[in-house]
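Note sheet for the following structure.
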Amino acid sequence: FEIIHGPEVETEEFNFDMLNIKKTHPARQMHDTFYVNNKRNVLRTHTSPVQIRGMLEKKPPISFISGGKVYRKDDDATHLPMFHQIEGIHIATDVSFANLKDMIFKIVDFLFGDRVQVRFRPSYFPFTEPSAEVDVQWKGKWLEVMGCGMVDPHVLEKLGIDSEKWTGFAAGLGVERFCMVRHQIDDIRKFYTNDLRFLEQF
């Protein structure tokens, strides 16, 4: 995977439109997204716009990975208004959902070993089809740590990529969520409270 980067302040075109997220989608509402400059731009809600920018610059086959801060209007024990995401995308010929699952199992096994149970749960994302959320066992319950799926042909076509020839998968994980599972932390907000008793453990 080639590491690529993109801006944290994004246009609606790259953050939503190019990713097949319709004007009426709830994620585009003021209660979910931080808008700036009189609603002309947003604080990116995911790292997916970085992949879009990468695919506009290079033609398949491609394998990109990007990471960085993302912003959403969430704040509870498992959500933050600012958190870190790592996302990968792989576009080539004959890419299948089995390839995606194989990669995810390898990531989870590398980070946790066989200490946690993993499940794939059918889900919906506008930019992947089919889509799934990856859950792991955490403190006796399931915690979603990653979203993934096959890149929607509509997204590829918007980028000028022939969806009859090229297929691909994408997956994005929350860094803090993985850290919660790895270290059995019960509240994601503890990472940002500046409590030295907590931080010095790491």
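Identifiers in the structure tokens: chain A, B, ... in order shown; residue index from 1 per chain; ligand index from 1 in order shown.
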
Name all residues at most 10 Å from Asn41 of chain A (count only C-alpha atoms; drop same-chain ones fewer than 4 positions away) and give them as a PDB file with C-alpha atoms, in the first residue's frame.
ATOM      1  CA  VAL A   9     -10.807  20.724   5.760  1.00  0.00           C
ATOM      2  CA  GLU A  10     -12.588  19.253   2.754  1.00  0.00           C
ATOM      3  CA  THR A  11     -15.125  20.281   0.138  1.00  0.00           C
ATOM      4  CA  GLU A  12     -18.554  18.691   0.157  1.00  0.00           C
ATOM      5  CA  GLU A  13     -17.718  17.341  -3.297  1.00  0.00           C
ATOM      6  CA  PHE A  14     -14.837  15.179  -2.042  1.00  0.00           C
ATOM      7  CA  ASN A  15     -16.274  14.386   1.401  1.00  0.00           C
ATOM      8  CA  PHE A  34     -18.861  20.293  11.328  1.00  0.00           C
ATOM      9  CA  TYR A  35     -19.285  22.890   8.560  1.00  0.00           C
ATOM     10  CA  VAL A  36     -16.901  25.798   8.031  1.00  0.00           C
ATOM     11  CA  ASN A  37     -16.782  28.894   5.798  1.00  0.00           C
TER      12      ASN A  37
END

Counting only C-alpha atoms, which residues of segment 35-76 of chain A sit at most 12 Å from some atom of segment 116-130 of chain A, and what is each one's closest atom pair with its distance in Å to one decimal, listed by chain and rising residue number, as CSV?
residue,atom,partner,partner_atom,distance
A:Ser48,CA,A:Phe127,CA,9.2
A:Pro49,CA,A:Phe127,CA,11.0
A:Gln51,CA,A:Phe127,CA,11.5
A:Ile52,CA,A:Phe127,CA,10.8

Contact table segment 121-187 of chain A vs segment 53-59 of chain A, cut-off 10 Å, shortest pair per residue, only C-alpha atoms, as JSON lines:
{"residue": "A:Leu156", "atom": "CA", "partner": "A:Met55", "partner_atom": "CA", "distance": 8.9}
{"residue": "A:Lys158", "atom": "CA", "partner": "A:Leu56", "partner_atom": "CA", "distance": 9.8}
{"residue": "A:Leu159", "atom": "CA", "partner": "A:Leu56", "partner_atom": "CA", "distance": 6.3}
{"residue": "A:Gly160", "atom": "CA", "partner": "A:Leu56", "partner_atom": "CA", "distance": 8.4}
{"residue": "A:Ile161", "atom": "CA", "partner": "A:Lys59", "partner_atom": "CA", "distance": 7.6}

Practice task
Tell me, as JSON, numbers by chain, which residues lie within 10 Å of Phe178 of chain A, counting only C-alpha atoms; anything in the same chain fewer than 3 positions away does not count.
Solution key: {"A": [108, 111, 112, 136, 143, 144, 145, 146, 173, 174, 175, 181, 182, 183, 184, 185]}

Exercise for the section: Could you give me the residues within segment 17-105 of chain A that DSSP places in helix (DSSP H, G or I), as number ranges by chain? Expected result: A: 17-19, 26-28, 48-57, 97-105

Practice task
Quick one: pull the distance between atom CA of Gly172 of chain A and atom CA of His46 of chain A, Å, one decimal.
Solution key: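 Calculated distance between atom CA of Gly172 of chain A and atom CA of His46 of chain A is 8.5 Å.
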
Exercise for the section: Take atom CA of Arg44 of chain A and atom CA of Tyr71 of chain A and report the distance between them in Å, one decimal. Expected result: 6.0 Å

Exercise for the section: Compile the contact shell of His79 of chain A as an MDAnalysis selection string: residues with an atom at most 12 Å away, counting only C-alpha atoms, same-chain residues fewer than 2 positions apart removed. Expected result: chainID A and resid 70:77 81:84 143:145 174:177 180 186:192

Exercise for the section: Would you list, as a PyMOL selection string, the residues of segment 72-193 of chain A that end up in strand (DSSP E) under DSSP run on this structure's backbone? Expected result: chain A and resi 82-92+118-125+128-138+141-151+167-174

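Shortest atom-to-atom contact with Val134 of chain A among A:Ala98, A:Leu199, A:Ala171, A:Ile65: A:Ala171, counting only C-alpha atoms.
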
Exercise for the section: Identify, on the basis of only C-alpha atoms, every residue whose closest approach to Pro61 of chain A does not exceed 12 Å; exclude the query and any residue fewer than 5 positions from it along the same chain; express the result as a list of chain:residue names. Expected result: A:Phe1, A:Glu2, A:Gly54, A:Met55, A:Ile89, A:His90, A:Ile91, A:Ala92, A:Thr93, A:Asp94, A:Val95, A:Ile161, A:Asp162, A:Lys165, A:Trp166, A:Thr167, A:Gly168

Kindly export the residues of the current selection with all heavy atoms, as a tab-separated table (two decimals), in the first residue's frame.
chain	number	residue	atom	x	y	z
A	1	PHE	N	0.84	-1.19	0.00
A	1	PHE	CA	0.00	0.00	0.00
A	1	PHE	C	0.88	1.25	0.00
A	1	PHE	O	1.83	1.35	0.76
A	1	PHE	CB	-0.91	0.02	1.23
A	1	PHE	CG	-2.05	-0.95	1.15
A	1	PHE	CD1	-1.89	-2.27	1.53
A	1	PHE	CD2	-3.29	-0.52	0.69
A	1	PHE	CE1	-2.95	-3.16	1.45
A	1	PHE	CE2	-4.36	-1.40	0.62
A	1	PHE	CZ	-4.19	-2.73	1.00
A	2	GLU	N	0.55	2.20	-0.85
A	2	GLU	CA	1.23	3.49	-0.88
A	2	GLU	C	0.55	4.43	0.11
A	2	GLU	O	-0.68	4.54	0.12
A	2	GLU	CB	1.16	4.08	-2.29
A	2	GLU	CG	1.75	5.46	-2.42
A	2	GLU	CD	1.49	6.09	-3.78
A	2	GLU	OE1	0.99	5.39	-4.68
A	2	GLU	OE2	1.77	7.30	-3.92
A	54	GLY	N	-6.56	10.43	-4.40
A	54	GLY	CA	-5.52	9.54	-4.92
A	54	GLY	C	-5.92	8.88	-6.22
A	54	GLY	O	-5.11	8.75	-7.15
A	55	MET	N	-7.19	8.46	-6.31
A	55	MET	CA	-7.66	7.79	-7.52
A	55	MET	C	-7.81	8.75	-8.69
A	55	MET	O	-7.81	8.32	-9.84
A	55	MET	CB	-8.97	7.05	-7.24
A	55	MET	CG	-8.77	5.81	-6.38
A	55	MET	SD	-10.26	4.79	-6.25
A	55	MET	CE	-11.24	5.77	-5.11
A	89	ILE	N	-7.52	1.24	0.54
A	89	ILE	CA	-8.32	0.88	-0.64
A	89	ILE	C	-7.41	0.14	-1.61
A	89	ILE	O	-6.23	0.48	-1.77
A	89	ILE	CB	-8.95	2.12	-1.29
A	89	ILE	CG1	-9.95	1.72	-2.38
A	89	ILE	CG2	-7.89	3.07	-1.85
A	89	ILE	CD1	-10.83	2.86	-2.86
A	90	HIS	N	-7.96	-0.89	-2.23
A	90	HIS	CA	-7.21	-1.71	-3.19
A	90	HIS	C	-8.08	-1.92	-4.41
A	90	HIS	O	-9.19	-2.47	-4.31
A	90	HIS	CB	-6.84	-3.05	-2.55
A	90	HIS	CG	-6.19	-4.01	-3.50
A	90	HIS	ND1	-4.98	-3.76	-4.12
A	90	HIS	CD2	-6.60	-5.24	-3.94
A	90	HIS	CE1	-4.67	-4.79	-4.89
A	90	HIS	NE2	-5.63	-5.69	-4.80
A	91	ILE	N	-7.62	-1.44	-5.57
A	91	ILE	CA	-8.35	-1.58	-6.83
A	91	ILE	C	-7.47	-2.35	-7.82
A	91	ILE	O	-6.33	-1.96	-8.07
A	91	ILE	CB	-8.69	-0.20	-7.46
A	91	ILE	CG1	-9.40	0.71	-6.44
A	91	ILE	CG2	-9.51	-0.37	-8.73
A	91	ILE	CD1	-10.81	0.34	-6.12
A	92	ALA	N	-8.01	-3.44	-8.34
A	92	ALA	CA	-7.27	-4.26	-9.30
A	92	ALA	C	-8.29	-5.12	-10.05
A	92	ALA	O	-9.50	-4.91	-9.94
A	92	ALA	CB	-6.23	-5.13	-8.60
A	93	THR	N	-7.81	-6.08	-10.82
A	93	THR	CA	-8.73	-7.01	-11.49
A	93	THR	C	-8.96	-8.21	-10.58
A	93	THR	O	-8.08	-8.63	-9.84
A	93	THR	CB	-8.16	-7.47	-12.84
A	93	THR	OG1	-6.86	-8.03	-12.62
A	93	THR	CG2	-8.05	-6.31	-13.81
A	94	ASP	N	-10.17	-8.73	-10.63
A	94	ASP	CA	-10.53	-9.95	-9.88
A	94	ASP	C	-10.36	-9.81	-8.37
A	94	ASP	O	-9.93	-10.75	-7.69
A	94	ASP	CB	-9.71	-11.15	-10.38
A	94	ASP	CG	-9.96	-11.44	-11.85
A	94	ASP	OD1	-11.13	-11.35	-12.27
A	94	ASP	OD2	-9.00	-11.75	-12.57
A	95	VAL	N	-10.68	-8.65	-7.81
A	95	VAL	CA	-10.66	-8.47	-6.36
A	95	VAL	C	-12.03	-8.87	-5.82
A	95	VAL	O	-13.06	-8.49	-6.37
A	95	VAL	CB	-10.36	-6.99	-5.99
A	95	VAL	CG1	-10.43	-6.79	-4.48
A	95	VAL	CG2	-9.00	-6.58	-6.53
A	161	ILE	N	-13.11	5.32	-13.91
A	161	ILE	CA	-12.54	3.97	-13.84
A	161	ILE	C	-13.58	2.97	-14.31
A	161	ILE	O	-14.72	2.97	-13.81
A	161	ILE	CB	-12.08	3.64	-12.40
A	161	ILE	CG1	-10.97	4.61	-11.96
A	161	ILE	CG2	-11.61	2.19	-12.29
A	161	ILE	CD1	-10.60	4.50	-10.49
A	162	ASP	N	-13.24	2.15	-15.27
A	162	ASP	CA	-14.16	1.18	-15.84
A	162	ASP	C	-14.48	0.10	-14.81
A	162	ASP	O	-13.64	-0.75	-14.49
A	162	ASP	CB	-13.52	0.55	-17.09
A	162	ASP	CG	-14.45	-0.42	-17.81
A	162	ASP	OD1	-15.56	-0.67	-17.31
A	162	ASP	OD2	-14.04	-0.92	-18.88
A	165	LYS	N	-14.05	-3.63	-15.68
A	165	LYS	CA	-12.68	-4.17	-15.69
A	165	LYS	C	-12.06	-4.21	-14.29
A	165	LYS	O	-11.36	-5.15	-13.95
A	165	LYS	CB	-11.81	-3.31	-16.61
A	165	LYS	CG	-10.36	-3.75	-16.67
A	165	LYS	CD	-9.54	-2.86	-17.61
A	165	LYS	CE	-8.09	-3.31	-17.67
A	165	LYS	NZ	-7.27	-2.43	-18.55
A	166	TRP	N	-12.33	-3.17	-13.49
A	166	TRP	CA	-11.67	-3.03	-12.20
A	166	TRP	C	-12.66	-3.20	-11.05
A	166	TRP	O	-13.78	-2.73	-11.11
A	166	TRP	CB	-11.01	-1.65	-12.08
A	166	TRP	CG	-10.05	-1.34	-13.17
A	166	TRP	CD1	-10.27	-0.56	-14.26
A	166	TRP	CD2	-8.70	-1.82	-13.29
A	166	TRP	NE1	-9.15	-0.52	-15.06
A	166	TRP	CE2	-8.17	-1.28	-14.48
A	166	TRP	CE3	-7.90	-2.65	-12.51
A	166	TRP	CZ2	-6.87	-1.54	-14.91
A	166	TRP	CZ3	-6.60	-2.90	-12.93
A	166	TRP	CH2	-6.11	-2.36	-14.11
A	167	THR	N	-12.23	-3.89	-10.02
A	167	THR	CA	-13.00	-4.00	-8.77
A	167	THR	C	-12.06	-3.72	-7.62
A	167	THR	O	-10.83	-3.70	-7.79
A	167	THR	CB	-13.62	-5.41	-8.60
A	167	THR	OG1	-12.58	-6.39	-8.69
A	167	THR	CG2	-14.68	-5.68	-9.65
A	168	GLY	N	-12.63	-3.49	-6.45
A	168	GLY	CA	-11.76	-3.19	-5.32
A	168	GLY	C	-12.49	-3.23	-4.00
A	168	GLY	O	-13.72	-3.33	-3.95

Practice task
Please indicate the distance in Å from atom CA of Trp142 of chain A to atom CA of Arg115 of chain A, rounded to one decimal place.
Solution key: 13.9 Å

Handout entry: Residue contacts of Ala170 of chain A (7 Å, only C-alpha atoms) excluding same-chain residues fewer than 6 positions away, as an MDAnalysis selection string
Key = chainID A and resid 88:90 148:151

Problem - Pick from A:Ser66, A:Phe105, A:Ser131, A:Leu43 nearest to Met30 of chain A, counting only C-alpha atoms - result: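 Selected residue with least distance to Met30 of chain A: A:Leu43.
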